[in-house]
Amino acid sequence: MERDSLMMVIGAFLAIILQIVLAPNIAIFQATVNFCMLYVLIVALTRPSNNSTLVIAFFFGIIYDLLGHSPVGAMAFLFVIAAFAVSKVFEALDNDTLFIPLAILIVAVFLLELLYAIFMLSFGVVESSQVAFLQRALPCALYNTVVGLLVLILMGKVFTDSTRSSASSRTRDSMHVSMTSNKNLGKVRTKHRF
Amino acid sequence: MAPKLQQTLTSASSRILLVALLVISLALVSIYFREGEEGPLHQAQSSASGMVRPLKFVGATLGSATDAAGTAIENVSASETTLEALRAQNQELRKQIVELEEYRQEAIYLEELLRLKNYYDLDIVSARVTGRSFNAWEKVITINRGSRDGVITGLPVMGQSGVIGQVIAVRATSADVRLLQDPQSGVAVLIQSNRAEGIVKGALDGLLYLENLDVDATVQVGDVIITSGLGGSYFRGLTLGTVVKIEENQGGSTRKIVVAPNATTRSLEEVSVVLSMNSEGDATEPVAPPKKDDEEAGDDE
């Protein structure tokens, strides 16, 4: 398995475990963190032009809906839209700074919470729009944004470190190759050509 | 030309995939609302909830440990004034226990005299809270009793001093309970003092609201709310909460009545699933409301 895919799988398991084990225990004023949402958005930011991102978003939405008692398909619908929109916006605006992904993440989290509140109101799960928006969607969005930013920065650091380590290992490899190439230049050239 | 064509094809396939996934999602939502509680999607939800039960238990243990740590920190940091107040409260409670025991004995004697059955003659099964919902839009707990213990969907669940919710999904060894505070929760109730009927509904703000009450029904802060048994989802006569706030609009045509639940739950705490209520048959018959003194004695029990 490729390193990228392995990280995706580990991240997926971690998101689900955190959602079930940690999220109910770190709720603040009944606002809970949606680790599944954060995972989907971060995947959409890290793999913008990949169709598998949409599939991951769909399945994560289904898992989220199945593990709770909310209408099955609602979160899947929103996750797919969010993953697609985030991917496209990121592709268009990416300028290699951390600001763009952070800004996209914040906007996406707020829109997702807002749309989910509209879903809940239209399904009749919640009656008061004021309560739905002000006492649930807004606090959840703020909480998710804070956690999302921390996760994104942490991931950025992890990836930078791993990139550095892989870069240094590549340097070591290239040094090894050059040493070998001194010994057997013809063989290495043939190897590189393929 | 080739990379451009490839890009166009990728973009097209991406859009087709997007539309397909959205259509499937909406179809699932539609099916979910059309099917009943026994439908495949509801069953899948119940099964999925059962599959992650060990993880939920880990979460509940973590929550319980956090609560205990919080309480310990509060106790350690409690001032001498707080401790003094608690000691005084403890003394007062001890006195009340003695008085209540007297009332209880008196109530038993009166019940025997009147040949009324005990309102709280319940057939219950104790359960432990082993999980909580992670979704901010619902208030659902998981308990460690299921169909093997006689638990079925619709049964009321009680905390230490009153109703806390209703069983909504049952598996062999666990069940999900929708708490009263869940926005989808609704219980037919009576105001104990004047028998006025209404419905207590949960809300996202965590409060309970008494609705559908007659316009001329009198309500006062402190009124005790009990289940009426109407609709068949709850047994009659279970204590639910107390009226804590009444907000009337300027004309007095509508009022918002806030009810504080008597019981709450914490992780790993014991709750009771009410399998049957032996006195229900008698209680649902039109019995003249007992005098207030007798009622209080009954409640204390």
# chains A, B, ... in the order shown; residues from 1 in each chain; ligands from 1

$ interface_residues --of "chain A" --to "chain B" --cutoff "8 Å" --atoms "only C-alpha atoms" --output "PyMOL selection string"
chain A and resi 17+19-25+30-32+34+51+54-55+58+65-74+76-77+80-81+84+125-126+131-132+135-136+140

$ select_by_dssp --residues "stretch 80-200 of chain B" --states "alpha helix (DSSP H)" --output "PyMOL selection string"
chain B and resi 80-114

$ write_last_selection --atoms "N, CA, C and O atoms" --output "CSV table (one decimal), in the first residue's frame"
chain,number,residue,atom,x,y,z
B,80,GLU,N,-14.2,26.5,53.0
B,80,GLU,CA,-14.7,26.1,54.3
B,80,GLU,C,-16.2,26.5,54.4
B,80,GLU,O,-17.0,25.8,54.9
B,81,THR,N,-16.5,27.6,53.8
B,81,THR,CA,-17.9,28.1,53.8
B,81,THR,C,-18.8,27.1,53.1
B,81,THR,O,-19.9,26.7,53.5
B,82,THR,N,-18.3,26.6,51.9
B,82,THR,CA,-19.1,25.6,51.1
B,82,THR,C,-19.3,24.3,51.9
B,82,THR,O,-20.4,23.7,52.0
B,83,LEU,N,-18.2,23.9,52.5
B,83,LEU,CA,-18.2,22.7,53.3
B,83,LEU,C,-19.2,22.8,54.5
B,83,LEU,O,-20.0,21.9,54.8
B,84,GLU,N,-19.2,24.0,55.1
B,84,GLU,CA,-20.1,24.3,56.2
B,84,GLU,C,-21.5,24.2,55.7
B,84,GLU,O,-22.4,23.6,56.4
B,85,ALA,N,-21.8,24.8,54.6
B,85,ALA,CA,-23.1,24.8,54.0
B,85,ALA,C,-23.6,23.4,53.7
B,85,ALA,O,-24.7,23.0,53.9
B,86,LEU,N,-22.6,22.6,53.2
B,86,LEU,CA,-23.0,21.2,52.8
B,86,LEU,C,-23.3,20.4,54.1
B,86,LEU,O,-24.2,19.5,54.1
B,87,ARG,N,-22.5,20.6,55.1
B,87,ARG,CA,-22.8,19.9,56.4
B,87,ARG,C,-24.2,20.3,56.9
B,87,ARG,O,-24.9,19.4,57.3
B,88,ALA,N,-24.5,21.5,56.8
B,88,ALA,CA,-25.8,22.0,57.3
B,88,ALA,C,-26.9,21.3,56.4
B,88,ALA,O,-28.0,20.9,57.0
B,89,GLN,N,-26.7,21.3,55.1
B,89,GLN,CA,-27.6,20.7,54.2
B,89,GLN,C,-27.8,19.2,54.5
B,89,GLN,O,-28.9,18.7,54.5
B,90,ASN,N,-26.7,18.5,54.8
B,90,ASN,CA,-26.7,17.1,55.1
B,90,ASN,C,-27.6,16.9,56.4
B,90,ASN,O,-28.4,15.9,56.4
B,91,GLN,N,-27.4,17.7,57.4
B,91,GLN,CA,-28.2,17.6,58.6
B,91,GLN,C,-29.6,17.8,58.3
B,91,GLN,O,-30.5,17.0,58.8
B,92,GLU,N,-29.9,18.7,57.5
B,92,GLU,CA,-31.3,19.0,57.1
B,92,GLU,C,-31.9,17.8,56.4
B,92,GLU,O,-33.1,17.4,56.6
B,93,LEU,N,-31.1,17.2,55.5
B,93,LEU,CA,-31.6,16.1,54.7
B,93,LEU,C,-31.9,14.9,55.6
B,93,LEU,O,-32.8,14.1,55.4
B,94,ARG,N,-31.0,14.7,56.6
B,94,ARG,CA,-31.3,13.6,57.5
B,94,ARG,C,-32.6,13.7,58.2
B,94,ARG,O,-33.3,12.8,58.4
B,95,LYS,N,-32.9,15.0,58.6
B,95,LYS,CA,-34.1,15.2,59.3
B,95,LYS,C,-35.3,14.9,58.4
B,95,LYS,O,-36.3,14.3,58.8
B,96,GLN,N,-35.1,15.3,57.1
B,96,GLN,CA,-36.2,15.1,56.1
B,96,GLN,C,-36.4,13.6,55.9
B,96,GLN,O,-37.5,13.2,55.7
B,97,ILE,N,-35.3,12.8,55.9
B,97,ILE,CA,-35.4,11.4,55.7
B,97,ILE,C,-36.3,10.8,56.8
B,97,ILE,O,-37.2,10.0,56.5
B,98,VAL,N,-36.1,11.2,58.0
B,98,VAL,CA,-36.9,10.7,59.1
B,98,VAL,C,-38.4,11.1,58.9
B,98,VAL,O,-39.3,10.2,59.1
B,99,GLU,N,-38.6,12.3,58.5
B,99,GLU,CA,-40.0,12.8,58.3
B,99,GLU,C,-40.6,12.0,57.2
B,99,GLU,O,-41.8,11.6,57.3
B,100,LEU,N,-39.9,11.9,56.1
B,100,LEU,CA,-40.4,11.2,54.9
B,100,LEU,C,-40.7,9.7,55.2
B,100,LEU,O,-41.7,9.1,54.7
B,101,GLU,N,-39.9,9.1,56.1
B,101,GLU,CA,-40.2,7.7,56.4
B,101,GLU,C,-41.5,7.6,57.2
B,101,GLU,O,-42.3,6.7,57.0
B,102,GLU,N,-41.8,8.6,58.0
B,102,GLU,CA,-43.0,8.7,58.7
B,102,GLU,C,-44.2,8.8,57.7
B,102,GLU,O,-45.2,8.1,57.8
B,103,TYR,N,-44.0,9.7,56.7
B,103,TYR,CA,-45.0,9.9,55.7
B,103,TYR,C,-45.2,8.6,54.9
B,103,TYR,O,-46.4,8.2,54.5
B,104,ARG,N,-44.1,7.9,54.6
B,104,ARG,CA,-44.2,6.7,53.9
B,104,ARG,C,-45.1,5.6,54.6
B,104,ARG,O,-45.9,5.0,54.0
B,105,GLN,N,-44.8,5.5,55.9
B,105,GLN,CA,-45.5,4.5,56.7
B,105,GLN,C,-47.0,4.9,56.7
B,105,GLN,O,-47.9,4.0,56.6
B,106,GLU,N,-47.2,6.2,56.8
B,106,GLU,CA,-48.6,6.7,56.8
B,106,GLU,C,-49.3,6.4,55.5
B,106,GLU,O,-50.5,5.9,55.5
B,107,ALA,N,-48.6,6.6,54.4
B,107,ALA,CA,-49.1,6.4,53.1
B,107,ALA,C,-49.5,4.9,52.9
B,107,ALA,O,-50.5,4.6,52.3
B,108,ILE,N,-48.6,4.0,53.4
B,108,ILE,CA,-48.8,2.6,53.2
B,108,ILE,C,-50.1,2.2,54.0
B,108,ILE,O,-51.0,1.5,53.5
B,109,TYR,N,-50.2,2.8,55.1
B,109,TYR,CA,-51.4,2.5,56.0
B,109,TYR,C,-52.7,3.0,55.2
B,109,TYR,O,-53.7,2.3,55.2
B,110,LEU,N,-52.6,4.2,54.7
B,110,LEU,CA,-53.8,4.8,54.0
B,110,LEU,C,-54.1,4.0,52.7
B,110,LEU,O,-55.3,3.7,52.4
B,111,GLU,N,-53.1,3.5,52.0
B,111,GLU,CA,-53.3,2.7,50.8
B,111,GLU,C,-54.0,1.4,51.1
B,111,GLU,O,-54.9,1.0,50.4
B,112,GLU,N,-53.6,0.8,52.2
B,112,GLU,CA,-54.2,-0.4,52.6
B,112,GLU,C,-55.7,-0.1,53.0
B,112,GLU,O,-56.6,-0.9,52.6
B,113,LEU,N,-55.9,1.0,53.6
B,113,LEU,CA,-57.3,1.4,54.0
B,113,LEU,C,-58.1,1.6,52.8
B,113,LEU,O,-59.3,1.1,52.7
B,114,LEU,N,-57.6,2.3,51.8
B,114,LEU,CA,-58.4,2.6,50.6
B,114,LEU,C,-58.3,1.6,49.6
B,114,LEU,O,-58.9,1.7,48.5

$ closest_residue --among "A:Val86, A:Ala12, A:Leu18, A:Leu121" --to "A:Phe59" --atoms "only C-alpha atoms"
A:Ala12

$ atom_distance --atom1 "atom CA of A:Tyr116" --atom2 "atom CA of A:Ala137"
7.9 Å

$ select_by_dssp --residues "stretch 133-169 of chain B" --states "strand (DSSP E)" --output "PyMOL selection string"
chain B and resi 140-143+156-158+163-169

$ write_last_selection --atoms "N, CA and C atoms" --output "PDB file, in the first residue's frame"
ATOM      1  N   VAL B 140     -29.415  10.887  22.707  1.00  0.00           N
ATOM      2  CA  VAL B 140     -29.687   9.452  22.790  1.00  0.00           C
ATOM      3  C   VAL B 140     -28.578   8.791  23.614  1.00  0.00           C
ATOM      4  N   ILE B 141     -28.953   7.895  24.512  1.00  0.00           N
ATOM      5  CA  ILE B 141     -27.947   7.141  25.261  1.00  0.00           C
ATOM      6  C   ILE B 141     -28.074   5.660  24.928  1.00  0.00           C
ATOM      7  N   THR B 142     -27.016   4.915  25.165  1.00  0.00           N
ATOM      8  CA  THR B 142     -27.052   3.458  24.964  1.00  0.00           C
ATOM      9  C   THR B 142     -26.982   2.804  26.331  1.00  0.00           C
ATOM     10  N   ILE B 143     -27.812   1.785  26.538  1.00  0.00           N
ATOM     11  CA  ILE B 143     -27.783   1.051  27.813  1.00  0.00           C
ATOM     12  C   ILE B 143     -27.413  -0.409  27.547  1.00  0.00           C
ATOM     13  N   PRO B 156     -40.638   2.972  28.773  1.00  0.00           N
ATOM     14  CA  PRO B 156     -40.041   4.142  29.420  1.00  0.00           C
ATOM     15  C   PRO B 156     -38.816   3.772  30.257  1.00  0.00           C
ATOM     16  N   VAL B 157     -37.923   4.713  30.388  1.00  0.00           N
ATOM     17  CA  VAL B 157     -36.700   4.489  31.174  1.00  0.00           C
ATOM     18  C   VAL B 157     -36.645   5.554  32.268  1.00  0.00           C
ATOM     19  N   MET B 158     -36.327   5.114  33.486  1.00  0.00           N
ATOM     20  CA  MET B 158     -36.306   6.051  34.616  1.00  0.00           C
ATOM     21  C   MET B 158     -34.905   6.198  35.190  1.00  0.00           C
ATOM     22  N   VAL B 163     -38.761   9.896  35.134  1.00  0.00           N
ATOM     23  CA  VAL B 163     -38.587   9.427  33.753  1.00  0.00           C
ATOM     24  C   VAL B 163     -37.461  10.197  33.076  1.00  0.00           C
ATOM     25  N   ILE B 164     -36.639   9.488  32.325  1.00  0.00           N
ATOM     26  CA  ILE B 164     -35.586  10.189  31.574  1.00  0.00           C
ATOM     27  C   ILE B 164     -35.750  10.025  30.062  1.00  0.00           C
ATOM     28  N   GLY B 165     -36.509   9.013  29.638  1.00  0.00           N
ATOM     29  CA  GLY B 165     -36.668   8.836  28.196  1.00  0.00           C
ATOM     30  C   GLY B 165     -37.370   7.550  27.836  1.00  0.00           C
ATOM     31  N   GLN B 166     -37.216   7.158  26.570  1.00  0.00           N
ATOM     32  CA  GLN B 166     -37.937   6.012  26.037  1.00  0.00           C
ATOM     33  C   GLN B 166     -37.030   5.197  25.116  1.00  0.00           C
ATOM     34  N   VAL B 167     -37.193   3.878  25.164  1.00  0.00           N
ATOM     35  CA  VAL B 167     -36.380   2.993  24.324  1.00  0.00           C
ATOM     36  C   VAL B 167     -36.800   3.164  22.861  1.00  0.00           C
ATOM     37  N   ILE B 168     -35.825   3.407  21.983  1.00  0.00           N
ATOM     38  CA  ILE B 168     -36.164   3.595  20.559  1.00  0.00           C
ATOM     39  C   ILE B 168     -35.585   2.502  19.657  1.00  0.00           C
ATOM     40  N   ALA B 169     -34.565   1.811  20.125  1.00  0.00           N
ATOM     41  CA  ALA B 169     -33.988   0.717  19.317  1.00  0.00           C
ATOM     42  C   ALA B 169     -33.455  -0.346  20.260  1.00  0.00           C
TER      43      ALA B 169
END

$ atom_distance --atom1 "atom CA of A:Lys88" --atom2 "atom CA of A:Phe13"
25.8 Å

$ atom_distance --atom1 "atom CA of A:Ala85" --atom2 "atom CA of A:Leu154"
23.3 Å

$ decode --residues "stretch 91-102 of chain B" --atoms "N, CA, C and O atoms" --output "compact mmCIF listing (two decimals), in the first residue's frame"
# COMPACT_ATOMS: atom_id res chain seq x y z
N GLN B 91 -27.39 17.74 57.36
CA GLN B 91 -28.15 17.62 58.59
C GLN B 91 -29.64 17.76 58.30
O GLN B 91 -30.46 16.97 58.79
N GLU B 92 -29.94 18.75 57.46
CA GLU B 92 -31.34 19.01 57.11
C GLU B 92 -31.94 17.82 56.37
O GLU B 92 -33.07 17.41 56.63
N LEU B 93 -31.15 17.24 55.46
CA LEU B 93 -31.62 16.09 54.69
C LEU B 93 -31.89 14.89 55.58
O LEU B 93 -32.83 14.13 55.37
N ARG B 94 -31.04 14.71 56.58
CA ARG B 94 -31.25 13.60 57.51
C ARG B 94 -32.59 13.74 58.23
O ARG B 94 -33.32 12.78 58.40
N LYS B 95 -32.85 14.98 58.64
CA LYS B 95 -34.13 15.24 59.31
C LYS B 95 -35.28 14.90 58.38
O LYS B 95 -36.27 14.28 58.76
N GLN B 96 -35.12 15.33 57.12
CA GLN B 96 -36.20 15.11 56.14
C GLN B 96 -36.41 13.62 55.90
O GLN B 96 -37.54 13.18 55.71
N ILE B 97 -35.31 12.85 55.91
CA ILE B 97 -35.45 11.39 55.68
C ILE B 97 -36.33 10.79 56.78
O ILE B 97 -37.22 9.97 56.51
N VAL B 98 -36.09 11.22 58.01
CA VAL B 98 -36.89 10.70 59.13
C VAL B 98 -38.36 11.07 58.93
O VAL B 98 -39.26 10.23 59.07
N GLU B 99 -38.59 12.32 58.54
CA GLU B 99 -39.98 12.78 58.33
C GLU B 99 -40.63 12.01 57.18
O GLU B 99 -41.77 11.58 57.27
N LEU B 100 -39.85 11.85 56.10
CA LEU B 100 -40.40 11.15 54.93
C LEU B 100 -40.72 9.70 55.24
O LEU B 100 -41.69 9.15 54.72
N GLU B 101 -39.92 9.07 56.05
CA GLU B 101 -40.18 7.70 56.45
C GLU B 101 -41.52 7.61 57.18
O GLU B 101 -42.30 6.68 56.97
N GLU B 102 -41.77 8.64 57.99
CA GLU B 102 -43.05 8.70 58.70
C GLU B 102 -44.20 8.80 57.70
O GLU B 102 -45.20 8.12 57.80
